[in-house]
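For reference, data-v4.cif (mmCIF, C-alpha atoms):
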data_run
#
loop_
_atom_site.label_atom_id
_atom_site.label_comp_id
_atom_site.auth_asym_id
_atom_site.auth_seq_id
_atom_site.Cartn_x
_atom_site.Cartn_y
_atom_site.Cartn_z
CA MET A 1 22.33 -24.71 55.96
CA LEU A 2 20.99 -27.18 58.55
CA ALA A 3 17.41 -26.74 57.38
CA ARG A 4 18.58 -27.58 53.84
CA ALA A 5 20.63 -30.52 55.12
CA PHE A 6 17.57 -31.95 56.87
CA ASP A 7 14.95 -31.10 54.24
CA GLU A 8 14.44 -34.79 53.39
CA ASP A 9 14.65 -35.92 57.04
CA PRO A 10 11.54 -37.91 58.05
CA ILE A 11 11.35 -36.31 61.52
CA LEU A 12 11.52 -32.77 60.15
CA ARG A 13 8.90 -33.68 57.53
CA TRP A 14 6.71 -35.13 60.28
CA ALA A 15 6.95 -31.94 62.35
CA PHE A 16 6.68 -29.54 59.38
CA PRO A 17 5.00 -31.37 56.48
CA GLY A 18 4.66 -28.39 54.14
CA GLN A 19 7.72 -27.16 52.25
CA ARG A 20 7.21 -23.49 53.14
CA SER A 21 6.63 -24.39 56.77
CA ARG A 22 9.69 -26.66 56.79
CA ASP A 23 11.87 -23.98 55.21
CA ARG A 24 10.89 -21.31 57.73
CA TYR A 25 10.32 -23.26 60.93
CA GLY A 26 12.91 -25.93 60.27
CA ASP A 27 15.39 -23.08 60.12
CA MET A 28 14.00 -21.77 63.42
CA PHE A 29 14.34 -25.21 64.99
CA PHE A 30 18.03 -25.42 64.05
CA ARG A 31 18.64 -21.86 65.25
CA TRP A 32 17.06 -22.90 68.55
CA SER A 33 19.27 -26.03 68.67
CA LEU A 34 22.37 -23.92 68.19
CA TRP A 35 21.19 -21.30 70.72
CA ARG A 36 20.52 -24.07 73.25
CA CYS A 37 23.90 -25.81 72.94
CA ALA A 38 26.46 -23.33 71.58
CA ASP A 39 27.57 -22.06 74.99
CA GLN A 40 28.60 -25.59 75.98
CA GLY A 41 31.70 -25.41 73.77
CA VAL A 42 31.04 -28.65 71.90
CA THR A 43 29.74 -27.33 68.57
CA TRP A 44 31.89 -27.52 65.45
CA THR A 45 31.43 -26.17 61.94
CA THR A 46 33.44 -26.12 58.77
CA ASP A 47 35.22 -22.87 57.90
CA ASP A 48 32.77 -22.25 55.06
CA LEU A 49 29.74 -23.22 57.20
CA ALA A 50 28.89 -26.11 54.88
CA GLY A 51 28.35 -28.39 57.87
CA ALA A 52 27.87 -28.40 61.61
CA ALA A 53 27.91 -30.79 64.56
CA ILE A 54 25.98 -29.64 67.62
CA TRP A 55 26.70 -31.68 70.73
CA ALA A 56 25.41 -31.33 74.30
CA LEU A 57 27.48 -32.08 77.37
CA PRO A 58 26.54 -34.74 79.92
CA ASP A 59 23.80 -33.53 82.22
CA ARG A 60 23.09 -30.60 79.86
CA TRP A 61 21.27 -32.43 77.07
CA ARG A 62 17.84 -32.22 78.73
CA VAL A 63 15.59 -29.48 77.41
CA THR A 64 14.69 -27.09 80.22
CA LEU A 65 11.25 -25.53 80.54
CA SER A 66 12.56 -22.14 79.45
CA GLN A 67 14.27 -23.71 76.42
CA LEU A 68 11.06 -25.58 75.57
CA ALA A 69 9.05 -22.36 75.87
CA ARG A 70 11.39 -20.65 73.42
CA LEU A 71 11.15 -23.59 71.00
CA VAL A 72 7.36 -23.43 71.12
CA ARG A 73 7.37 -19.65 70.57
CA TRP A 74 9.70 -19.98 67.59
CA THR A 75 8.08 -22.97 65.88
CA ALA A 76 4.43 -23.24 66.97
CA PRO A 77 3.01 -21.55 63.85
CA GLY A 78 4.78 -24.12 61.68
CA VAL A 79 3.62 -27.09 63.75
CA GLY A 80 0.07 -25.82 64.03
CA LEU A 81 -2.59 -28.21 65.30
CA ARG A 82 -0.07 -31.07 65.31
CA GLY A 83 1.64 -29.36 68.27
CA PRO A 84 0.52 -31.76 71.02
CA ARG A 85 1.43 -34.79 68.90
CA VAL A 86 4.84 -33.36 67.99
CA MET A 87 5.59 -32.40 71.60
CA TRP A 88 4.53 -35.84 72.82
CA GLY A 89 6.72 -37.53 70.21
CA LEU A 90 9.75 -35.43 71.05
CA SER A 91 9.25 -36.13 74.75
CA MET A 92 9.10 -39.88 73.95
CA VAL A 93 12.51 -39.58 72.32
CA GLU A 94 14.03 -37.53 75.14
CA ARG A 95 12.86 -40.05 77.76
CA ARG A 96 14.87 -42.78 76.00
CA HIS A 97 18.30 -41.19 76.57
CA PRO A 98 20.68 -43.62 78.26
CA ALA A 99 21.05 -43.38 82.02
CA ASP A 100 24.84 -43.18 81.92
CA ARG A 101 26.73 -39.93 81.42
CA HIS A 102 27.13 -39.31 77.71
CA LEU A 103 27.85 -36.67 75.12
CA TYR A 104 24.73 -36.14 73.01
CA LEU A 105 25.00 -35.48 69.29
CA ALA A 106 21.91 -33.32 68.88
CA VAL A 107 22.49 -32.32 65.23
CA LEU A 108 24.94 -33.31 62.51
CA GLY A 109 24.25 -31.82 59.11
CA VAL A 110 26.05 -31.04 55.87
CA GLU A 111 24.96 -28.87 52.96
CA PRO A 112 23.18 -31.28 50.54
CA VAL A 113 25.56 -30.65 47.62
CA ARG A 114 28.51 -31.47 49.90
CA GLN A 115 27.06 -34.65 51.45
CA GLY A 116 29.02 -37.83 50.85
CA GLY A 117 32.36 -36.03 50.68
CA GLY A 118 33.60 -36.71 54.19
CA LEU A 119 32.50 -33.50 55.95
CA GLY A 120 30.16 -35.36 58.31
CA SER A 121 33.00 -37.67 59.31
CA THR A 122 35.29 -34.70 59.88
CA LEU A 123 32.66 -32.87 61.95
CA ILE A 124 31.82 -35.83 64.19
CA GLN A 125 35.45 -36.53 65.14
CA PRO A 126 36.03 -33.76 67.72
CA GLY A 127 33.02 -34.93 69.73
CA LEU A 128 34.05 -38.57 69.52
CA GLY A 129 37.57 -37.62 70.53
CA LEU A 130 36.19 -35.81 73.55
CA CYS A 131 34.12 -38.88 74.44
CA ASP A 132 37.16 -41.12 74.23
CA GLY A 133 39.37 -38.75 76.18
CA GLU A 134 36.81 -38.34 78.96
CA GLY A 135 35.62 -41.96 78.98
CA LEU A 136 32.10 -40.98 77.90
CA ALA A 137 29.63 -42.74 75.67
CA ALA A 138 28.18 -40.86 72.69
CA TYR A 139 24.46 -40.96 71.98
CA LEU A 140 22.19 -39.78 69.17
CA GLU A 141 18.85 -40.36 67.52
CA THR A 142 18.15 -40.50 63.80
CA GLY A 143 14.95 -40.78 61.83
CA ASN A 144 16.80 -41.43 58.58
CA GLU A 145 17.53 -45.10 57.97
CA ARG A 146 20.36 -44.33 55.56
CA ASN A 147 22.24 -42.67 58.46
CA LEU A 148 22.53 -45.99 60.30
CA ALA A 149 25.46 -47.15 58.16
CA PHE A 150 27.25 -43.80 58.50
CA TYR A 151 26.99 -43.81 62.28
CA GLY A 152 27.81 -47.52 62.37
CA ARG A 153 31.13 -46.75 60.67
CA HIS A 154 31.85 -44.37 63.56
CA GLY A 155 31.22 -47.03 66.20
CA PHE A 156 27.55 -46.44 67.00
CA ASP A 157 25.15 -49.33 67.50
CA VAL A 158 21.37 -49.20 67.41
CA THR A 159 20.16 -49.62 70.99
CA GLY A 160 16.46 -49.11 70.40
CA GLU A 161 13.76 -47.97 68.05
CA LEU A 162 10.50 -46.17 68.56
CA THR A 163 7.83 -44.79 66.27
CA LEU A 164 6.67 -41.21 66.61
CA PRO A 165 2.87 -40.75 66.96
CA LYS A 166 1.49 -40.99 63.42
CA GLY A 167 5.07 -40.55 62.27
CA PRO A 168 8.31 -42.19 61.26
CA PRO A 169 10.55 -44.57 63.19
CA VAL A 170 13.44 -43.17 65.22
CA TRP A 171 16.59 -45.19 65.84
CA LEU A 172 18.47 -44.66 69.10
CA MET A 173 22.22 -45.12 68.79
CA ARG A 174 25.04 -45.32 71.31
CA ARG A 175 28.82 -45.53 70.99
CA PRO A 176 30.90 -46.65 73.97
CA PRO A 177 34.11 -44.76 74.72
CA ARG A 178 37.29 -46.17 73.21
#
Would you encode the structure as structure tokens?
Amino acid sequence: MLARAFDEDPILRWAFPGQRSRDRYGDMFFRWSLWRCADQGVTWTTDDLAGAAIWALPDRWRVTLSQLARLVRWTAPGVGLRGPRVMWGLSMVERRHPADRHLYLAVLGVEPVRQGGGLGSTLIQPGLGLCDGEGLAAYLETGNERNLAFYGRHGFDVTGELTLPKGPPVWLMRRPPR
């Protein structure tokens, strides 16, 4: 579902430009994202699995070397010779995380036919509620400009922008606790 939800995402298209590669290795990337964060207890899905929000706890959002090794094993064939550029770009993004403790929204996706019906707003609420209850900021990155308005409605502001090497822009967004 997440690979379908992100099929038009500029970052996923940058990493996996071919459709077959994106279908297979995009799916592997989202499986890795879930594997990496699911044990933190801050991942929510709809009952019918039409959407998911994968968050990472403060101080657990950094990708460890063993997690990175697994990501490379799972997705390297799909990235191919662009591997060094993709890894450099992703490390650029990770280095821009805010210094304060925050909950990190790693992935929020909804089945394409269900987008625009409120599922994304429903899925993001438990994480935002946790942020507010714990006095934590929320942070995310998006490479899709149309997402800026959605996240803005949920209290996020753009705090920075960078451009991936030979790739799309990425907007960095933060929401203070309420």
Q. So what does the PyMOL selection byres ((chain A and resi 70-77) around 9) actually pick up in this one, as a ChimeraX atom specification?
A. /A:21,24-26,28-29,32-33,65-69,78-81,83
Q: Find the residue from A:Asp59, A:Glu145, A:Asp132, A:Glu8 that sits nearest to Pro98 of chain A; use only C-alpha atoms when measuring.
A: A:Asp59
Q. Hey, what comes out of the PyMOL selection byres ((chain A and resi 130) around 12) on this file? Could you write it as a PyMOL selection string?
A. chain A and resi 41-43+55-58+102-105+124-129+131-138+177-178
**Q.** Spatial neighbours of Leu2 of chain A, 8 Å, only C-alpha atoms, chain gap at least 5 places, as a ChimeraX atom specification
**A.** /A:27,30,51-52,109-111
Residues just named, written with C-alpha atoms as a compact mmCIF listing (two decimals), in the frame of the given file:
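result.txt was written with the following content:
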# COMPACT_ATOMS: atom_id res chain seq x y z
CA ASP A 27 15.39 -23.08 60.12
CA PHE A 30 18.03 -25.42 64.05
CA GLY A 51 28.35 -28.39 57.87
CA ALA A 52 27.87 -28.40 61.61
CA GLY A 109 24.25 -31.82 59.11
CA VAL A 110 26.05 -31.04 55.87
CA GLU A 111 24.96 -28.87 52.96
Any idea what's packed within 10 Å of Arg13 of chain A, counting only C-alpha atoms, ignoring anything in its chain fewer than 6 positions away? Could you give it as a JSON list (two decimals) with C-alpha atoms, in the frame of the given file?
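File written: out_20.json
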[["chain", "number", "residue", "atom", "x", "y", "z"],
["A", 6, "PHE", "CA", 17.57, -31.95, 56.87],
["A", 7, "ASP", "CA", 14.95, -31.10, 54.24],
["A", 19, "GLN", "CA", 7.72, -27.16, 52.25],
["A", 21, "SER", "CA", 6.63, -24.39, 56.77],
["A", 22, "ARG", "CA", 9.69, -26.66, 56.79],
["A", 26, "GLY", "CA", 12.91, -25.93, 60.27],
["A", 167, "GLY", "CA", 5.07, -40.55, 62.27],
["A", 168, "PRO", "CA", 8.31, -42.19, 61.26]]
Q: Might you pull out every residue within 12 Å of Arg114 of chain A, with only C-alpha atoms counted and same-chain residues fewer than 2 positions away left off, and present them as a list in words?
A: Met1, Arg4, Ala5, Thr46, Asp48, Leu49, Ala50, Gly51, Gly109, Val110, Glu111, Pro112, Gly116, Gly117, Gly118, Leu119 and Gly120 of chain A
Restricting the output to C-alpha atoms, write the selected residues as an mmCIF file, keeping the file's coordinate frame.
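Once everything was written out, this is part31.cif:
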data_model
loop_
_atom_site.group_PDB
_atom_site.id
_atom_site.type_symbol
_atom_site.label_atom_id
_atom_site.label_comp_id
_atom_site.auth_asym_id
_atom_site.auth_seq_id
_atom_site.Cartn_x
_atom_site.Cartn_y
_atom_site.Cartn_z
ATOM 1 C CA MET A 1 22.330 -24.710 55.960
ATOM 2 C CA ARG A 4 18.580 -27.580 53.840
ATOM 3 C CA ALA A 5 20.630 -30.520 55.120
ATOM 4 C CA THR A 46 33.440 -26.120 58.770
ATOM 5 C CA ASP A 48 32.770 -22.250 55.060
ATOM 6 C CA LEU A 49 29.740 -23.220 57.200
ATOM 7 C CA ALA A 50 28.890 -26.110 54.880
ATOM 8 C CA GLY A 51 28.350 -28.390 57.870
ATOM 9 C CA GLY A 109 24.250 -31.820 59.110
ATOM 10 C CA VAL A 110 26.050 -31.040 55.870
ATOM 11 C CA GLU A 111 24.960 -28.870 52.960
ATOM 12 C CA PRO A 112 23.180 -31.280 50.540
ATOM 13 C CA GLY A 116 29.020 -37.830 50.850
ATOM 14 C CA GLY A 117 32.360 -36.030 50.680
ATOM 15 C CA GLY A 118 33.600 -36.710 54.190
ATOM 16 C CA LEU A 119 32.500 -33.500 55.950
ATOM 17 C CA GLY A 120 30.160 -35.360 58.310
#
Q | Expansion of the PyMOL selection byres ((chain A and resi 165) around 9) into residues, as a VMD selection string | A | chain A and resid 85 to 86 88 to 89 163 to 164 166 to 168
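Shortest separation to Trp35 of chain A among A:Tyr151, A:Asp9, A:Val63, A:Met92 occurs at residue A:Val63, atoms counted being only C-alpha atoms.
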Q: Compare A:His154, A:Arg31, A:Arg36, A:Arg174 by their minimum atom-to-atom distance to Arg96 of chain A, counting all atoms listed in the file, and give me the closest one.
A: A:Arg174
Q: Measuring atom to atom with only C-alpha atoms, identify which of A:Thr64, A:Gln40, A:Thr122, A:Thr159 is nearest to Leu108 of chain A.
A: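 Counting only C-alpha atoms, the residue closest to Leu108 of chain A is A:Thr122.
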Q) How many Å lie between atom CA of Gly152 of chain A and atom CA of Leu123 of chain A, rounded to one decimal? A)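 Computed distance, atom CA of Gly152 of chain A to atom CA of Leu123 of chain A, equals 15.4 Å.
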(Q) Between atom CA of Ala106 of chain A and atom CA of Arg20 of chain A, what distance in Å does the model show, to one decimal? (A) 23.7 Å
(Q) Let me make sure I understand: among A:Glu161, A:Val107, A:Trp171, A:Phe156, which one has the smallest atom-to-atom distance to Trp44 of chain A if we use only C-alpha atoms? (A)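 Under the stated criterion, the closest residue is A:Val107.
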